[in-house]
>>> print(open('target_2.tsv').read())   # TSV, C-alpha atoms
chain	number	residue	atom	x	y	z
I	17	MET	CA	0.00	0.00	0.00
I	18	THR	CA	1.09	3.55	-0.61
I	19	ALA	CA	0.12	6.62	1.33
I	20	GLN	CA	-2.36	8.94	-0.29
I	21	PRO	CA	-0.81	12.27	-1.28
I	22	GLN	CA	-1.98	15.22	0.74
I	23	ARG	CA	-3.85	17.98	-1.05
I	24	TYR	CA	-1.84	21.14	-1.79
I	25	ILE	CA	-3.12	23.98	0.37
I	26	THR	CA	-2.62	27.53	-0.82
I	27	GLU	CA	-1.14	30.09	1.51
I	28	GLN	CA	-4.42	32.02	1.42
I	29	GLU	CA	-6.32	28.88	2.51
I	30	TYR	CA	-3.81	28.40	5.32
I	31	LEU	CA	-4.24	32.00	6.51
I	32	GLU	CA	-8.04	31.75	6.47
I	33	VAL	CA	-7.92	28.69	8.73
I	34	GLU	CA	-5.03	29.95	10.88
I	35	ARG	CA	-6.68	33.27	11.65
I	36	THR	CA	-9.59	31.48	13.32
I	37	SER	CA	-7.68	28.56	14.83
I	38	THR	CA	-7.18	28.14	18.57
I	39	SER	CA	-3.81	26.48	17.96
I	40	LYS	CA	-0.81	27.54	15.88
I	41	HIS	CA	0.44	25.96	12.66
I	42	GLU	CA	3.37	26.49	10.34
I	43	TYR	CA	2.92	26.60	6.59
I	44	LEU	CA	5.41	25.66	3.88
I	45	ASP	CA	5.09	24.42	0.30
I	46	GLY	CA	1.37	23.74	0.43
I	47	GLN	CA	1.44	21.86	3.72
I	48	ILE	CA	0.29	22.82	7.22
I	49	TYR	CA	2.20	21.58	10.27
I	50	ALA	CA	0.82	21.68	13.82
I	51	MET	CA	3.06	23.34	16.39
I	52	SER	CA	3.45	21.75	19.79
I	53	GLY	CA	2.63	23.53	23.03
I	54	ALA	CA	5.32	24.96	25.27
I	55	SER	CA	6.43	23.69	28.68
I	56	ARG	CA	6.41	25.71	31.90
I	57	ILE	CA	10.18	26.25	31.67
I	58	HIS	CA	9.92	27.29	28.03
I	59	ASN	CA	7.28	29.87	28.90
I	60	LEU	CA	9.25	31.14	31.90
I	61	ILE	CA	12.39	31.62	29.79
I	62	ALA	CA	10.36	33.34	27.05
I	63	GLY	CA	8.75	35.70	29.57
I	64	ASN	CA	12.06	36.48	31.25
I	65	THR	CA	13.72	37.20	27.91
I	66	LEU	CA	10.87	39.41	26.75
I	67	ALA	CA	10.95	41.35	30.03
I	68	ALA	CA	14.74	41.80	29.91
I	69	LEU	CA	14.68	43.13	26.34
I	70	HIS	CA	11.43	45.10	26.52
I	71	GLY	CA	12.84	47.46	29.13
I	72	GLN	CA	15.89	48.17	26.98
I	73	LEU	CA	13.79	48.74	23.85
I	74	ARG	CA	11.25	51.13	25.36
I	75	GLN	CA	12.97	54.32	24.18
I	76	LYS	CA	14.02	52.87	20.80
I	77	PRO	CA	12.00	52.63	17.57
I	78	CYS	CA	11.67	48.87	18.08
I	79	GLN	CA	8.94	46.46	19.09
I	80	ILE	CA	9.23	43.01	20.66
I	81	PHE	CA	6.53	40.40	20.10
I	82	PRO	CA	5.89	37.09	21.88
I	83	SER	CA	5.18	33.84	20.05
I	84	ASP	CA	1.81	34.87	18.63
I	85	MET	CA	3.42	37.11	15.98
I	86	ARG	CA	3.63	35.12	12.77
I	87	ILE	CA	6.43	35.88	10.35
I	88	ARG	CA	6.66	35.04	6.67
I	89	VAL	CA	10.02	34.27	5.14
I	90	MET	CA	9.52	35.91	1.75
I	91	ARG	CA	12.15	33.93	-0.16
I	92	THR	CA	10.96	30.50	0.95
I	93	GLY	CA	7.29	31.00	1.84
I	94	LEU	CA	7.63	29.66	5.39
I	95	ASN	CA	4.99	31.02	7.77
I	96	THR	CA	6.00	30.39	11.37
I	97	TYR	CA	5.86	31.68	14.93
I	98	PRO	CA	9.28	32.37	16.50
I	99	ASP	CA	9.32	32.44	20.29
I	100	LEU	CA	10.26	36.15	20.23
I	101	VAL	CA	10.43	38.62	17.35
I	102	ILE	CA	12.04	42.06	17.40
I	103	MET	CA	11.59	44.56	14.60
I	104	CYS	CA	12.71	48.16	14.38
I	105	GLY	CA	11.42	50.97	12.22
I	106	GLU	CA	8.22	50.54	10.25
I	107	PRO	CA	6.71	47.06	10.37
I	108	GLU	CA	6.03	45.38	7.04
I	109	TYR	CA	3.14	42.93	6.84
I	110	THR	CA	1.90	40.59	4.13
I	111	ASP	CA	-1.59	42.13	4.09
I	112	ASP	CA	-4.04	44.40	5.87
I	113	ALA	CA	-4.67	41.86	8.65
I	114	LEU	CA	-1.34	43.07	10.17
I	115	ASP	CA	-0.65	39.64	11.68
I	116	THR	CA	2.19	38.34	9.48
I	117	LEU	CA	5.43	40.32	9.76
I	118	THR	CA	8.06	40.16	7.01
I	119	ASN	CA	10.89	42.36	8.33
I	120	PRO	CA	12.18	41.01	11.65
I	121	LEU	CA	15.55	42.25	12.86
I	122	VAL	CA	16.06	39.69	15.67
I	123	LEU	CA	14.53	36.22	16.03
I	124	ILE	CA	14.78	34.20	19.24
I	125	GLU	CA	13.95	30.51	19.63
I	126	ILE	CA	13.92	28.59	22.90
I	127	LEU	CA	15.16	25.09	22.23
I	128	SER	CA	13.18	22.07	23.31
I	129	PRO	CA	13.84	18.38	22.69
I	130	SER	CA	11.11	18.28	20.03
I	131	THR	CA	12.23	21.42	18.14
I	132	GLU	CA	15.99	21.75	18.66
I	133	ARG	CA	17.05	19.94	15.50
I	134	TYR	CA	14.59	21.93	13.37
I	135	ASP	CA	15.45	25.28	15.01
I	136	ARG	CA	19.17	24.72	14.37
I	137	GLY	CA	18.72	23.24	10.90
I	138	MET	CA	15.95	23.89	8.39
I	139	LYS	CA	14.31	26.75	10.26
I	140	ALA	CA	17.69	28.50	10.63
I	141	GLN	CA	18.26	28.09	6.88
I	142	HIS	CA	14.92	29.75	6.17
I	143	TYR	CA	15.62	32.56	8.65
I	144	ARG	CA	19.04	33.34	7.17
I	145	THR	CA	17.33	34.27	3.88
I	146	ILE	CA	15.46	37.16	5.55
I	147	GLU	CA	17.24	40.28	4.34
I	148	THR	CA	16.41	42.34	7.43
I	149	LEU	CA	17.46	39.67	9.93
I	150	GLN	CA	20.63	40.58	11.82
I	151	ASP	CA	20.52	38.28	14.86
I	152	TYR	CA	19.30	34.74	15.48
I	153	ILE	CA	19.40	33.63	19.11
I	154	LEU	CA	18.93	30.11	20.45
I	155	ILE	CA	18.28	29.66	24.17
I	156	ALA	CA	18.72	26.25	25.80
I	157	GLN	CA	16.17	24.99	28.31
I	158	ASP	CA	18.24	22.29	29.95
I	159	TYR	CA	21.35	24.27	30.89
I	160	TYR	CA	22.48	27.91	31.05
I	161	HIS	CA	23.48	28.44	27.43
I	162	ILE	CA	22.70	30.96	24.69
I	163	GLU	CA	23.94	30.81	21.10
I	164	HIS	CA	23.93	34.15	19.31
I	165	TYR	CA	24.36	34.21	15.54
I	166	SER	CA	24.93	37.69	14.12
I	167	ARG	CA	25.08	38.64	10.45
I	168	GLN	CA	28.36	40.30	9.54
I	169	ALA	CA	28.85	43.05	6.95
I	170	ASN	CA	30.10	40.47	4.44
I	171	GLY	CA	26.91	38.37	4.88
I	172	GLN	CA	28.54	35.64	6.93
I	173	TRP	CA	27.12	34.62	10.31
I	174	LEU	CA	29.26	34.80	13.44
I	175	LEU	CA	28.51	32.58	16.45
I	176	GLU	CA	28.98	33.84	20.00
I	177	GLU	CA	28.18	31.55	22.92
I	178	ALA	CA	27.34	32.51	26.47
I	179	ILE	CA	27.51	29.78	29.12
I	180	GLY	CA	26.71	30.08	32.81
I	181	LEU	CA	24.64	32.51	34.85
I	182	GLU	CA	27.45	35.10	34.95
I	183	ALA	CA	27.56	35.37	31.14
I	184	GLN	CA	25.73	37.74	28.82
I	185	ILE	CA	25.46	38.52	25.13
I	186	THR	CA	25.34	41.86	23.35
I	187	ILE	CA	22.85	42.21	20.53
I	188	GLY	CA	24.47	44.90	18.43
I	189	SER	CA	21.63	45.49	15.97
I	190	ILE	CA	19.36	46.71	18.78
I	191	ALA	CA	22.10	47.89	21.18
I	192	CYS	CA	20.87	45.63	23.98
I	193	SER	CA	22.49	43.12	26.29
I	194	LEU	CA	20.97	39.91	27.54
I	195	ALA	CA	22.25	38.48	30.81
I	196	LEU	CA	21.75	34.77	31.36
I	197	ALA	CA	20.90	35.47	35.01
I	198	ASP	CA	17.86	37.40	33.74
I	199	VAL	CA	16.90	34.82	31.12
I	200	TYR	CA	17.01	31.94	33.60
I	201	GLU	CA	15.60	33.79	36.62
I	202	LYS	CA	13.43	31.44	38.73
I	203	VAL	CA	14.12	28.54	36.37
I	204	GLY	CA	16.52	26.79	38.78
I	205	MET	CA	18.64	23.74	38.14
I	206	GLY	CA	16.02	21.24	39.26
I	207	TRP	CA	14.57	20.67	35.84
>>> encode(input="target_2.tsv", output="structure tokens")
Amino acid sequence: MTAQPQRYITEQEYLEVERTSTSKHEYLDGQIYAMSGASRIHNLIAGNTLAALHGQLRQKPCQIFPSDMRIRVMRTGLNTYPDLVIMCGEPEYTDDALDTLTNPLVLIEILSPSTERYDRGMKAQHYRTIETLQDYILIAQDYYHIEHYSRQANGQWLLEEAIGLEAQITIGSIACSLALADVYEKVGMGW
């Protein structure tokens, strides 16, 4: 027996369903993929990171969005929900619904066992094609570790790692710093 091919779904069909859905889905190449829910630790790290950066961005022409802001990768057609999105200047959206951003400056993903391989691999490849993207940050859940990829003037990506609660990273494109002690506040080592 062979599996029946799935019907190609247009991006417009995806958006019509997604805009009324109670759960989130990614879209790529005519297929819709359900996104898994987040753990308590994932949500705590996301909230801590948003709080740490929001305060630094308040007087800048930037906005930070939690995981409900969908982005579209224009070159590849991926529609997805990063854990945190930062954009500066005028937001650019795919349509008048103003719910799908196309010009992020910083994308942050919090790694989990079910998403780590994808976040480091295929999703990172999609993200690197976004012309406005300057920083891609991966935050571990199971130990105090942040990987910060920053686009260099020559188009190459430079990796900086921060390990341990005393460490921090500097996000040059938004002139902010992110201390691991803030990111992992109240997370504890008992996970």
>>> closest_atom_pairs(input="target_2.tsv", of="region 94-125 of chain I", to="region 48-63 of chain I", cutoff="12 Å", atoms="only C-alpha atoms", output="tab-separated table")
residue	atom	partner	partner_atom	distance
I:Leu94	CA	I:Ile48	CA	10.2
I:Asn95	CA	I:Ile48	CA	9.5
I:Thr96	CA	I:Met51	CA	9.1
I:Tyr97	CA	I:Met51	CA	8.9
I:Pro98	CA	I:Ala62	CA	10.6
I:Asp99	CA	I:Ala62	CA	6.9
I:Leu100	CA	I:Ala62	CA	7.4
I:Val101	CA	I:Ala62	CA	11.0
I:Ile124	CA	I:Ala62	CA	9.0
I:Glu125	CA	I:Ala62	CA	8.7
>>> residues_around(input="target_2.tsv", residues="region 149-155 of chain I", least_positions_apart="6", cutoff="8 Å", atoms="all atoms listed in the file", output="PyMOL selection string")
chain I and resi 119-127+143+161-167+187+189
>>> residues_around(input="target_2.tsv", residues="Leu31 (chain I)", least_positions_apart="4", cutoff="10 Å", atoms="all atoms listed in the file", output="list in words")
Thr26, Glu27, Arg35, Thr36, Ser37, His41, Tyr43, Asn95, Asp115 and Thr116 of chain I
>>> closest_residue(input="target_2.tsv", among="I:Ala197, I:Asp45, I:Asn170, I:Ile190", to="Arg23 (chain I)", atoms="all atoms listed in the file")
I:Asp45
>>> closest_atom_pairs(input="target_2.tsv", of="region 118-194 of chain I", to="region 80-91 of chain I", cutoff="7 Å", atoms="only C-alpha atoms", output="CSV")
residue,atom,partner,partner_atom,distance
I:Thr118,CA,I:Arg88,CA,5.3
I:His142,CA,I:Val89,CA,6.7
I:Tyr143,CA,I:Val89,CA,6.8
I:Thr145,CA,I:Arg91,CA,6.6
I:Ile146,CA,I:Val89,CA,6.2
>>> atom_distance(input="target_2.tsv", atom1="CA of Tyr134 (chain I)", atom2="CA of Lys202 (chain I)")
27.1 Å
>>> atom_distance(input="target_2.tsv", atom1="CA of Ala140 (chain I)", atom2="CA of Gly204 (chain I)")
28.2 Å
>>> residues_around(input="target_2.tsv", residues="region 128-132 of chain I", least_positions_apart="3", cutoff="8 Å", atoms="only C-alpha atoms", output="list in words")
His58, Asp135, Arg136, Ala156 and Gln157 of chain I
>>> closest_residue(input="target_2.tsv", among="I:Ile25, I:Ala67, I:Val33, I:Leu114", to="Gly46 (chain I)", atoms="all atoms listed in the file")
I:Ile25
>>> residues_around(input="target_2.tsv", residues="Leu73 (chain I)", least_positions_apart="5", cutoff="10 Å", atoms="only C-alpha atoms", output="list in words")
Ala68, Cys78, Gln79, Ile80, Ile102, Cys104, Ile190, Ala191 and Cys192 of chain I
>>> residues_around(input="target_2.tsv", residues="Ala183 (chain I)", least_positions_apart="6", cutoff="12 Å", atoms="all atoms listed in the file", output="MDAnalysis selection string")
chainID I and resid 160:163 176:177 193:200
>>> atom_distance(input="target_2.tsv", atom1="CA of Thr110 (chain I)", atom2="CA of Arg133 (chain I)")
28.0 Å
>>> decode(input="target_2.tsv", residues="region 83-96 of chain I", atoms="all heavy atoms", output="compact mmCIF listing (two decimals), in the first residue's frame")
# COMPACT_ATOMS: atom_id res chain seq x y z
N SER I 83 5.32 34.89 21.06
CA SER I 83 5.18 33.84 20.05
C SER I 83 3.90 33.86 19.23
O SER I 83 3.72 33.02 18.36
CB SER I 83 5.31 32.47 20.73
OG SER I 83 4.27 32.31 21.67
N ASP I 84 3.01 34.80 19.46
CA ASP I 84 1.81 34.87 18.63
C ASP I 84 2.00 35.72 17.38
O ASP I 84 1.08 35.81 16.56
CB ASP I 84 0.62 35.39 19.44
CG ASP I 84 0.08 34.34 20.38
OD1 ASP I 84 0.28 33.14 20.12
OD2 ASP I 84 -0.53 34.71 21.39
N MET I 85 3.16 36.34 17.20
CA MET I 85 3.42 37.11 15.98
C MET I 85 3.97 36.16 14.92
O MET I 85 5.07 35.63 15.05
CB MET I 85 4.41 38.25 16.24
CG MET I 85 4.79 39.02 14.97
SD MET I 85 3.42 39.66 14.00
CE MET I 85 2.87 41.00 15.02
N ARG I 86 3.19 35.98 13.88
CA ARG I 86 3.63 35.12 12.77
C ARG I 86 4.57 35.92 11.88
O ARG I 86 4.40 37.13 11.69
CB ARG I 86 2.39 34.67 11.98
CG ARG I 86 2.70 33.73 10.83
CD ARG I 86 1.44 33.19 10.14
NE ARG I 86 0.44 34.21 9.89
CZ ARG I 86 -0.73 34.29 10.53
NH1 ARG I 86 -1.04 33.43 11.47
NH2 ARG I 86 -1.59 35.26 10.22
N ILE I 87 5.58 35.25 11.36
CA ILE I 87 6.43 35.88 10.35
C ILE I 87 6.33 35.05 9.07
O ILE I 87 6.03 33.85 9.09
CB ILE I 87 7.91 36.02 10.78
CG1 ILE I 87 8.57 34.66 10.93
CG2 ILE I 87 8.05 36.85 12.04
CD1 ILE I 87 10.07 34.72 10.83
N ARG I 88 6.57 35.72 7.96
CA ARG I 88 6.66 35.04 6.67
C ARG I 88 8.05 35.27 6.13
O ARG I 88 8.51 36.42 6.03
CB ARG I 88 5.64 35.55 5.67
CG ARG I 88 5.71 34.79 4.34
CD ARG I 88 4.65 35.25 3.37
NE ARG I 88 4.48 34.33 2.28
CZ ARG I 88 5.25 34.30 1.17
NH1 ARG I 88 6.24 35.17 1.03
NH2 ARG I 88 5.02 33.42 0.22
N VAL I 89 8.71 34.19 5.78
CA VAL I 89 10.02 34.27 5.14
C VAL I 89 9.73 34.42 3.64
O VAL I 89 9.29 33.47 2.99
CB VAL I 89 10.87 33.02 5.43
CG1 VAL I 89 12.22 33.12 4.74
CG2 VAL I 89 11.03 32.82 6.93
N MET I 90 9.95 35.60 3.11
CA MET I 90 9.52 35.91 1.75
C MET I 90 10.18 35.03 0.70
O MET I 90 9.54 34.62 -0.26
CB MET I 90 9.76 37.39 1.44
CG MET I 90 8.97 38.34 2.35
SD MET I 90 7.18 38.05 2.32
CE MET I 90 6.79 38.71 0.70
N ARG I 91 11.45 34.72 0.86
CA ARG I 91 12.15 33.93 -0.16
C ARG I 91 11.71 32.48 -0.21
O ARG I 91 11.80 31.85 -1.26
CB ARG I 91 13.66 34.00 0.06
CG ARG I 91 14.25 35.32 -0.34
CD ARG I 91 15.75 35.23 -0.39
NE ARG I 91 16.31 36.54 -0.67
CZ ARG I 91 17.57 36.84 -0.50
NH1 ARG I 91 18.42 35.94 -0.05
NH2 ARG I 91 18.01 38.05 -0.77
N THR I 92 11.28 31.93 0.91
CA THR I 92 10.96 30.50 0.95
C THR I 92 9.48 30.20 1.15
O THR I 92 9.05 29.08 0.94
CB THR I 92 11.75 29.79 2.06
OG1 THR I 92 11.29 30.25 3.34
CG2 THR I 92 13.25 30.03 1.92
N GLY I 93 8.71 31.19 1.61
CA GLY I 93 7.29 31.00 1.84
C GLY I 93 6.94 30.43 3.19
O GLY I 93 5.76 30.20 3.48
N LEU I 94 7.92 30.19 4.06
CA LEU I 94 7.63 29.66 5.39
C LEU I 94 6.85 30.68 6.20
O LEU I 94 7.24 31.84 6.30
CB LEU I 94 8.93 29.31 6.13
CG LEU I 94 8.77 28.86 7.58
CD1 LEU I 94 8.06 27.52 7.68
CD2 LEU I 94 10.14 28.79 8.28
N ASN I 95 5.74 30.24 6.78
CA ASN I 95 4.99 31.02 7.77
C ASN I 95 5.19 30.31 9.09
O ASN I 95 4.89 29.11 9.20
CB ASN I 95 3.49 31.03 7.42
CG ASN I 95 3.14 32.00 6.33
OD1 ASN I 95 2.70 33.10 6.60
ND2 ASN I 95 3.35 31.59 5.09
N THR I 96 5.68 31.02 10.10
CA THR I 96 6.00 30.39 11.37
C THR I 96 5.89 31.39 12.51
O THR I 96 5.73 32.59 12.28
CB THR I 96 7.40 29.74 11.33
OG1 THR I 96 7.59 28.94 12.50
CG2 THR I 96 8.50 30.78 11.21
